[in-house]
Amino acid sequence: MDSITKENISDFLNKMQEMHSISNIWEKVLNVLRSLQPDISDEALAFFCVYFSRLDDGNICLPLDESLFKKWNEKWEGLLLVENRLEEKEADKLYFEKILKAALPQINEKTLPNLIEEISASPDYSKPFVIDRTEKNERWLFASKYHQAKINIEKCIKEIMGDNSVQTSEEDLKRIIEYFKDNTVSHIELMPEQSEAILRGQAENLIITGGPGTGKTTVVCYLLWELLKKSSFIDYQLYLAAPSGKAAERIHESVAKALSGLSVQEKEKYPEIYDKLDRAKPYTIHRLLSYNPSINGFRYNSENQFDAKSIFIIDEASMIDISLFSSLLEAIPKEARVFILGDKDQLPSVQAGAVLGELLTKKTESVIALTKSNRFNENSEAGRLKNAMQDNEALPSELLSKTNWDEWKVTSIFHIPDNKKNENEGKAKEFPVTTFVPPKKYDEKSKQIDEIITLWSSCFFNTLAEDAKKDLVNYTDSELEDLWKKAIAARILCAERKGIQGVEEINKKISQQIIKSLGDKNLSSDEYFPGQLLMLTKNQKTFCLYNGDSGIVMKNENLMYLMLKKETQGNNTENESDLDKEMKLQGIFKKGSFIFYPLHLLPKESIETAYAITIHKSQGSEYPAILVFLPEQKGHPLLNRQIVYTAITRTSGSTYIYADYDTLEAARQTVIQRDTLIEL
């Protein structure tokens with residue numbers, strides 16, 4: 001296909017859809033663009049397809065110059081690599097460049113007056129797209145909604161964060177460290193940057209960043225404790241918010257855990273503060289803003305903001321996309337207190353934008369970075385690998401014990417280090433990393449992966465089916481606790497969904513293996529079975545279940561249940577007893593610290609097997625043992641620094657990686673960067 005015409009624009013779209021470079025929804029949007037601008041050329045429509053494809057990758061804008069060709073060619077080459085079609089690279093490069101060069105002169109307000117607005121001092125956003133210019137006079141195309149979100153964020157952050165001019169003295173830092181050392185049960189000794197956050201947070205709004213185990217939530221809890229001691233803040237409304245229900249529950253649990261660490265005397269001295277923090281409710285951001293589907297908007301917005309006397313804790317900020325971040329910030333009055341938490345090295349939001357990353361690099365005076373991790377021993381193999389992945393120098397080869405699988409499997413077995421024993425003996429925690437080097441030949445690799453997941457399953461998953469055979473009524477609370485510990489002991493983390501090392505294939509093989517071991521010839525592979533690990537892929541708000549919640553299948557007589565451990569319901573209802581009654585009517589019940597949901601109540605399409613999960617889905621979780629599968633090819637869209645960092649920071653014990661040195665080094669060299677043009 002040498003050019004784009006009215007007859008073959010659908011072929012162009014099909015070409016992109018075939019390579020999974022564009023979502024199916026954009027075909028309907030193209031029809032809308034045609035209706036708004038009937039004389040639009042097919043080259044221009046093809047150009048918008050490229051914009052939509054980049055939007056699917058998280059970019060909110062597209063350069064209107066020849067730098068676009070490089071950006072697009074890099075993406076397309078990665079897609080060809082995934083599909084093993086690199087031989088088409090040169091032909092496709094010429095094909096796309098021809099189309100884009102023909103389209104570029106047409107992407108302007110004069111040629112497409114019904115679609116594009118050239119940006120002015122006061123844009124009205126009445127058209128689907130705007131073109132803005134940088135200080136260097138470079139032209140960029142934005143969807144209007146994303147440009148408006150960018151402008152809102154720039155304005156709101158400048159108002160909310162202010163100039164951050166608070167200075168802290170060594171004396172003040174020591175005072176805070178001594179105070180919490182004296183008034184916590186385990187005599188916690190804060191790091192200087194933690195005490196700095198507590199001090200500065202009493203006078204200014206902050207962005208607090210740090211990796212897993214650096215104590216972000218603990219610091220915020222203690223910051224709030226000190227802030228609420230000031231009589232002027234005790235009447236402030238406190239909101240704990242996160243982008244997902246699962247994340248909202250986690251921040252609530254983390255604050256409760258930190259609060260429990262305070263001494264009894266301190267709690268009794270400030271009962272009102274303790275009660276306020278203890279009763280703080282977690283919200284998803286959508287629920288906090290009171291989303292109304294009928295108007296496709298939020299109750300709280302720039303015209304109807306929250307009360308000025310409010311404190312907002314916004315957790316997992318790296319997961320918040322640009323539109324939701326904009327909606328949240330514009331609903332917060334500039335007088336409110338705001339603390340934004342997130343890990344700068346984790347994967348960015350699934351949807352468009354990378355707001356936390358922009359804040360951390362462009363609003364540095366508002367940032368406090370926590371660097372000391374309590375989850376990782378920095379001198380352990382996992383700790384050193386994590387740090388090396390974040391450096392801008394090549395990975396030291398000695399960090400990776402390049403292991404031959406065929407030799408290793410004869411004498412070794414997958415295991416979780418006994419860190420409790422090490423602690424009792426006064427030794428540092430172990431966080432070993434074992435790297436299996438894949439063979440080059442596909443058949444050998446496929447056989448090896450089968451052997452690896454079979455052994456992994458026999459070590460961690462197979463016994464779950466045996467242990468979960470009894471009816472629920474026959475389990476004591478302690479037996480359920482033991483079963484749950486086994487269920488969360490290990491996970492396989494995959495970058496990909498498809499292929500021999502993707503979650504779909506691995507989950508299928510493990511399930512078939514376990515079903516076969518059960519000896520039930522009447523059980524089909526698409527039926528639930530006791531001991532099966534499952535994960536929610538869609539929110540089920542009626543039951544206070546969220547995308548990412550995971551549990552284990554249990555049976556009671558002839559019914560199958562999903563058992564989850566939920567420290568908090570996260571429902572935020574005024575009358576929880578009414579909810580409890582409704583849940584009982586649905587057959588949902590509690591036993592010990594677990595809740596049991598009849599599986600027939602949950603749509604099958606909203607649940608998937610979870611022996612293996614994507615690295616994206618693993619964010620915020622922690623497992624004593626992880627097995628990581630990564631794409632091998634340099635340039636693969638899912639081989640990057642954030643993917644590997646997120647994976648290897650999910651463990652609290654052993655890490656096993658199926659990848660060679662070159663693969664990990666290629667990941668370290670590739671950092672996800674998104675075009676947003678946010679300026680602060």
# chains A, B, ... in the order shown; residues from 1 in each chain; ligands from 1
>>> residues_around(residues="region 196-203 of chain A", least_positions_apart="6", cutoff="7 Å", atoms="only C-alpha atoms", output="list in words")
Val166, Thr168, Leu173, Val219, Tyr222, Leu223, Leu227 and Ile368 of chain A
>>> write_last_selection(atoms="N, CA and C atoms", output="mmCIF file, in the first residue's frame")
data_model
loop_
_atom_site.group_PDB
_atom_site.id
_atom_site.type_symbol
_atom_site.label_atom_id
_atom_site.label_comp_id
_atom_site.auth_asym_id
_atom_site.auth_seq_id
_atom_site.Cartn_x
_atom_site.Cartn_y
_atom_site.Cartn_z
ATOM 1 N N VAL A 166 10.525 26.650 53.770
ATOM 2 C CA VAL A 166 10.780 26.300 55.171
ATOM 3 C C VAL A 166 12.182 25.721 55.325
ATOM 4 N N THR A 168 14.942 23.807 57.965
ATOM 5 C CA THR A 168 14.997 22.995 59.183
ATOM 6 C C THR A 168 16.418 23.003 59.728
ATOM 7 N N LEU A 173 15.690 18.661 63.806
ATOM 8 C CA LEU A 173 15.665 17.293 63.288
ATOM 9 C C LEU A 173 15.937 16.292 64.405
ATOM 10 N N VAL A 219 5.820 8.008 57.905
ATOM 11 C CA VAL A 219 6.205 9.414 58.030
ATOM 12 C C VAL A 219 4.978 10.313 57.991
ATOM 13 N N TYR A 222 3.043 10.118 61.284
ATOM 14 C CA TYR A 222 3.690 10.902 62.337
ATOM 15 C C TYR A 222 3.639 12.398 62.031
ATOM 16 N N LEU A 223 3.696 12.739 60.746
ATOM 17 C CA LEU A 223 3.544 14.142 60.339
ATOM 18 C C LEU A 223 2.170 14.655 60.768
ATOM 19 N N LEU A 227 1.092 17.600 63.270
ATOM 20 C CA LEU A 227 0.279 18.689 62.717
ATOM 21 C C LEU A 227 -0.995 18.884 63.529
ATOM 22 N N ILE A 368 10.577 15.700 49.077
ATOM 23 C CA ILE A 368 11.469 15.055 50.042
ATOM 24 C C ILE A 368 11.575 13.587 49.643
#
>>> residues_around(residues="region 145-150 of chain A", least_positions_apart="3", cutoff="7 Å", atoms="only C-alpha atoms", output="ChimeraX atom specification")
/A:60,142,153-154,322-323,326,678
>>> residues_around(residues="region 463-477 of chain A", least_positions_apart="5", cutoff="10 Å", atoms="only C-alpha atoms", output="PyMOL selection string")
chain A and resi 457-458+482-484+486-487+514-515+517-518+529-533+552-561+591-594+596
>>> write_last_selection(atoms="N, CA, C and O atoms", output="short mmCIF file (atom, residue, chain, number, x, y, z; two decimals), in the first residue's frame")
data_model
loop_
_atom_site.label_atom_id
_atom_site.label_comp_id
_atom_site.auth_asym_id
_atom_site.auth_seq_id
_atom_site.Cartn_x
_atom_site.Cartn_y
_atom_site.Cartn_z
N SER A 457 5.49 -24.57 40.88
CA SER A 457 4.15 -24.93 41.33
C SER A 457 4.20 -26.01 42.40
O SER A 457 3.47 -25.95 43.39
N SER A 458 5.08 -26.99 42.22
CA SER A 458 5.17 -28.06 43.22
C SER A 458 5.69 -27.53 44.56
O SER A 458 5.34 -28.06 45.62
N ASP A 482 -2.96 -20.05 58.22
CA ASP A 482 -1.86 -20.81 57.63
C ASP A 482 -2.05 -20.99 56.13
O ASP A 482 -1.10 -20.89 55.35
N LEU A 483 -3.28 -21.26 55.74
CA LEU A 483 -3.59 -21.43 54.32
C LEU A 483 -3.33 -20.13 53.56
O LEU A 483 -2.78 -20.13 52.45
N TRP A 484 -3.70 -19.02 54.18
CA TRP A 484 -3.51 -17.71 53.53
C TRP A 484 -2.02 -17.39 53.37
O TRP A 484 -1.60 -16.87 52.34
N LYS A 486 0.32 -19.48 52.88
CA LYS A 486 0.79 -20.26 51.73
C LYS A 486 0.33 -19.62 50.42
O LYS A 486 1.06 -19.61 49.43
N ALA A 487 -0.89 -19.08 50.44
CA ALA A 487 -1.46 -18.50 49.22
C ALA A 487 -0.71 -17.25 48.77
O ALA A 487 -0.66 -16.95 47.58
N ILE A 514 -2.49 -28.89 38.29
CA ILE A 514 -3.11 -29.09 39.61
C ILE A 514 -4.41 -29.90 39.48
O ILE A 514 -4.68 -30.80 40.29
N ILE A 515 -5.20 -29.60 38.45
CA ILE A 515 -6.44 -30.36 38.23
C ILE A 515 -6.13 -31.84 38.01
O ILE A 515 -6.81 -32.72 38.55
N SER A 517 -3.56 -33.44 39.16
CA SER A 517 -3.12 -34.02 40.43
C SER A 517 -4.29 -34.31 41.37
O SER A 517 -4.20 -35.18 42.23
N LEU A 518 -5.40 -33.56 41.21
CA LEU A 518 -6.57 -33.77 42.06
C LEU A 518 -7.30 -35.06 41.72
O LEU A 518 -8.05 -35.60 42.54
N PHE A 529 -11.69 -24.47 41.28
CA PHE A 529 -11.40 -25.61 42.14
C PHE A 529 -10.77 -25.12 43.44
O PHE A 529 -10.11 -24.07 43.47
N PRO A 530 -10.98 -25.83 44.55
CA PRO A 530 -10.43 -25.40 45.84
C PRO A 530 -8.91 -25.25 45.77
O PRO A 530 -8.21 -26.09 45.20
N GLY A 531 -8.44 -24.16 46.37
CA GLY A 531 -7.00 -23.89 46.36
C GLY A 531 -6.54 -23.07 45.19
O GLY A 531 -5.37 -22.66 45.13
N GLN A 532 -7.43 -22.77 44.26
CA GLN A 532 -7.06 -21.97 43.09
C GLN A 532 -6.87 -20.51 43.49
O GLN A 532 -7.65 -19.95 44.27
N LEU A 533 -5.82 -19.87 42.99
CA LEU A 533 -5.59 -18.45 43.24
C LEU A 533 -6.28 -17.64 42.16
O LEU A 533 -6.11 -17.90 40.97
N ILE A 552 -8.18 -16.87 47.44
CA ILE A 552 -8.07 -18.31 47.20
C ILE A 552 -9.46 -18.93 47.21
O ILE A 552 -10.32 -18.53 48.01
N VAL A 553 -9.69 -19.88 46.33
CA VAL A 553 -11.00 -20.55 46.23
C VAL A 553 -11.14 -21.57 47.35
O VAL A 553 -10.24 -22.37 47.60
N MET A 554 -12.29 -21.51 48.04
CA MET A 554 -12.64 -22.47 49.08
C MET A 554 -14.03 -23.01 48.78
O MET A 554 -14.80 -22.40 48.04
N LYS A 555 -14.36 -24.16 49.37
CA LYS A 555 -15.69 -24.72 49.14
C LYS A 555 -16.44 -24.87 50.46
O LYS A 555 -15.84 -25.03 51.52
N ASN A 556 -17.75 -24.83 50.35
CA ASN A 556 -18.62 -25.09 51.49
C ASN A 556 -19.84 -25.82 50.96
O ASN A 556 -20.64 -25.25 50.22
N GLU A 557 -19.92 -27.10 51.28
CA GLU A 557 -20.91 -28.00 50.69
C GLU A 557 -20.74 -27.98 49.17
O GLU A 557 -19.67 -28.30 48.67
N ASN A 558 -21.72 -27.53 48.42
CA ASN A 558 -21.61 -27.57 46.96
C ASN A 558 -21.29 -26.22 46.34
O ASN A 558 -21.29 -26.08 45.12
N LEU A 559 -21.03 -25.21 47.18
CA LEU A 559 -20.74 -23.87 46.67
C LEU A 559 -19.25 -23.55 46.77
O LEU A 559 -18.58 -23.97 47.71
N MET A 560 -18.78 -22.78 45.77
CA MET A 560 -17.40 -22.31 45.78
C MET A 560 -17.38 -20.84 46.23
O MET A 560 -18.21 -20.04 45.80
N TYR A 561 -16.39 -20.51 47.07
CA TYR A 561 -16.25 -19.16 47.60
C TYR A 561 -14.85 -18.62 47.29
O TYR A 561 -13.89 -19.40 47.17
N LYS A 591 -15.30 -15.05 58.55
CA LYS A 591 -14.81 -16.07 59.48
C LYS A 591 -13.39 -15.67 59.84
O LYS A 591 -12.52 -15.59 58.97
N GLY A 592 -13.17 -15.37 61.13
CA GLY A 592 -11.88 -14.86 61.53
C GLY A 592 -11.63 -13.51 60.87
O GLY A 592 -12.50 -12.63 60.87
N SER A 593 -10.47 -13.35 60.27
CA SER A 593 -10.15 -12.09 59.59
C SER A 593 -10.38 -12.19 58.08
O SER A 593 -9.88 -11.36 57.32
N PHE A 594 -11.18 -13.18 57.66
CA PHE A 594 -11.41 -13.39 56.24
C PHE A 594 -12.87 -13.18 55.87
O PHE A 594 -13.77 -13.34 56.70
N PHE A 596 -15.74 -14.24 52.82
CA PHE A 596 -16.00 -15.27 51.81
C PHE A 596 -17.13 -14.82 50.90
O PHE A 596 -18.24 -14.53 51.35
#
>>> residues_around(residues="Leu601 (chain A)", least_positions_apart="4", cutoff="10 Å", atoms="only C-alpha atoms", output="list in words")
Gln540, Phe543, Tyr561, Gln586, Gly587, Ile588 and Tyr597 of chain A
>>> closest_residue(among="A:Glu266, A:Glu622, A:Glu27, A:Asp65", to="Asp182 (chain A)", atoms="only C-alpha atoms")
A:Glu266
>>> atom_distance(atom1="CA of Leu627 (chain A)", atom2="CA of Lys344 (chain A)")
23.5 Å
>>> residues_around(residues="Ala103 (chain A)", least_positions_apart="4", cutoff="9 Å", atoms="only C-alpha atoms", output="number ranges by chain")
A: 41-47, 98-99, 107
>>> closest_atom_pairs(of="region 308-420 of chain A", to="region 437-455 of chain A", cutoff="8 Å", atoms="only C-alpha atoms", output="JSON lines")
{"residue": "A:Lys402", "atom": "CA", "partner": "A:Val437", "partner_atom": "CA", "distance": 6.2}
{"residue": "A:Thr403", "atom": "CA", "partner": "A:Val437", "partner_atom": "CA", "distance": 6.2}
{"residue": "A:Asn404", "atom": "CA", "partner": "A:Val437", "partner_atom": "CA", "distance": 6.3}
{"residue": "A:Trp405", "atom": "CA", "partner": "A:Val437", "partner_atom": "CA", "distance": 7.4}
{"residue": "A:Ile413", "atom": "CA", "partner": "A:Leu455", "partner_atom": "CA", "distance": 7.8}
{"residue": "A:Phe414", "atom": "CA", "partner": "A:Leu455", "partner_atom": "CA", "distance": 7.6}
>>> residues_around(residues="Val50 (chain A)", least_positions_apart="6", cutoff="9 Å", atoms="only C-alpha atoms", output="list in words")
Met16, Ser21, Ile22, Leu62, Trp72 and Leu100 of chain A
>>> write_last_selection(atoms="C-alpha atoms", output="PDB file, in the first residue's frame")
ATOM      1  CA  MET A  16      -2.141  -0.802  13.146  1.00  0.00           C
ATOM      2  CA  SER A  21      -0.618  -0.474  18.152  1.00  0.00           C
ATOM      3  CA  ILE A  22      -4.045   1.148  18.494  1.00  0.00           C
ATOM      4  CA  LEU A  62       2.602  14.734  19.398  1.00  0.00           C
ATOM      5  CA  TRP A  72       7.011   6.565  15.630  1.00  0.00           C
ATOM      6  CA  LEU A 100       3.122  11.466   7.833  1.00  0.00           C
TER       7      LEU A 100
END
>>> closest_residue(among="A:Ser652, A:Glu87, A:Ser373, A:Leu64", to="Val130 (chain A)", atoms="only C-alpha atoms")
A:Leu64
>>> select_by_dssp(residues="region 410-550 of chain A", states="alpha helix (DSSP H)", output="short mmCIF file (atom, residue, chain, number, x, y, z; two decimals) with C-alpha atoms, in the first residue's frame")
data_model
loop_
_atom_site.label_atom_id
_atom_site.label_comp_id
_atom_site.auth_asym_id
_atom_site.auth_seq_id
_atom_site.Cartn_x
_atom_site.Cartn_y
_atom_site.Cartn_z
CA VAL A 410 19.46 -31.35 40.17
CA THR A 411 20.62 -30.05 43.54
CA ASN A 419 14.77 -14.17 57.65
CA LYS A 420 13.16 -14.49 61.08
CA LYS A 421 15.83 -17.01 62.01
CA ASN A 422 18.52 -14.66 60.73
CA GLU A 423 17.11 -11.82 62.82
CA ASN A 424 17.10 -13.99 65.94
CA TYR A 442 12.95 -21.85 21.07
CA ASP A 443 12.25 -25.55 21.67
CA GLU A 444 14.84 -25.76 24.43
CA LYS A 445 13.54 -22.58 26.00
CA SER A 446 9.93 -23.79 25.90
CA LYS A 447 10.89 -27.08 27.56
CA GLN A 448 12.92 -25.24 30.19
CA ILE A 449 10.10 -22.85 31.05
CA ASP A 450 7.75 -25.81 31.49
CA GLU A 451 10.21 -27.42 33.91
CA ILE A 452 10.68 -24.16 35.84
CA ILE A 453 6.98 -23.48 36.36
CA THR A 454 6.31 -27.14 37.18
CA LEU A 455 8.92 -27.08 39.96
CA TRP A 456 7.72 -23.65 41.14
CA SER A 457 4.15 -24.93 41.33
CA SER A 458 5.17 -28.06 43.22
CA CYS A 459 7.03 -25.88 45.76
CA PHE A 460 4.34 -23.26 46.30
CA ASN A 462 0.19 -27.68 44.47
CA THR A 463 -0.32 -28.14 48.20
CA LEU A 464 -2.93 -25.38 48.26
CA ALA A 465 -5.36 -27.66 46.43
CA GLU A 466 -4.77 -30.42 49.00
CA ASP A 467 -5.00 -28.05 51.97
CA ASP A 477 -9.22 -19.59 62.28
CA SER A 478 -5.55 -20.50 62.68
CA GLU A 479 -5.78 -23.07 59.86
CA LEU A 480 -7.23 -20.42 57.56
CA GLU A 481 -4.37 -18.09 58.52
CA ASP A 482 -1.86 -20.81 57.63
CA LEU A 483 -3.59 -21.43 54.32
CA TRP A 484 -3.51 -17.71 53.53
CA LYS A 485 0.21 -17.50 54.28
CA LYS A 486 0.79 -20.26 51.73
CA ALA A 487 -1.46 -18.50 49.22
CA VAL A 503 0.55 -14.97 32.33
CA GLU A 504 -2.18 -16.61 30.26
CA GLU A 505 -0.09 -19.59 29.16
CA ILE A 506 1.60 -20.08 32.55
CA ASN A 507 -1.69 -19.91 34.49
CA LYS A 508 -3.25 -22.38 32.08
CA LYS A 509 -0.41 -24.88 32.50
CA ILE A 510 -0.32 -24.64 36.29
CA SER A 511 -4.10 -25.02 36.55
CA GLN A 512 -4.07 -28.09 34.28
CA GLN A 513 -1.26 -29.62 36.31
CA ILE A 514 -3.11 -29.09 39.61
CA ILE A 515 -6.44 -30.36 38.23
CA LYS A 516 -4.68 -33.48 37.00
CA SER A 517 -3.12 -34.02 40.43
CA LEU A 518 -6.57 -33.77 42.06
#
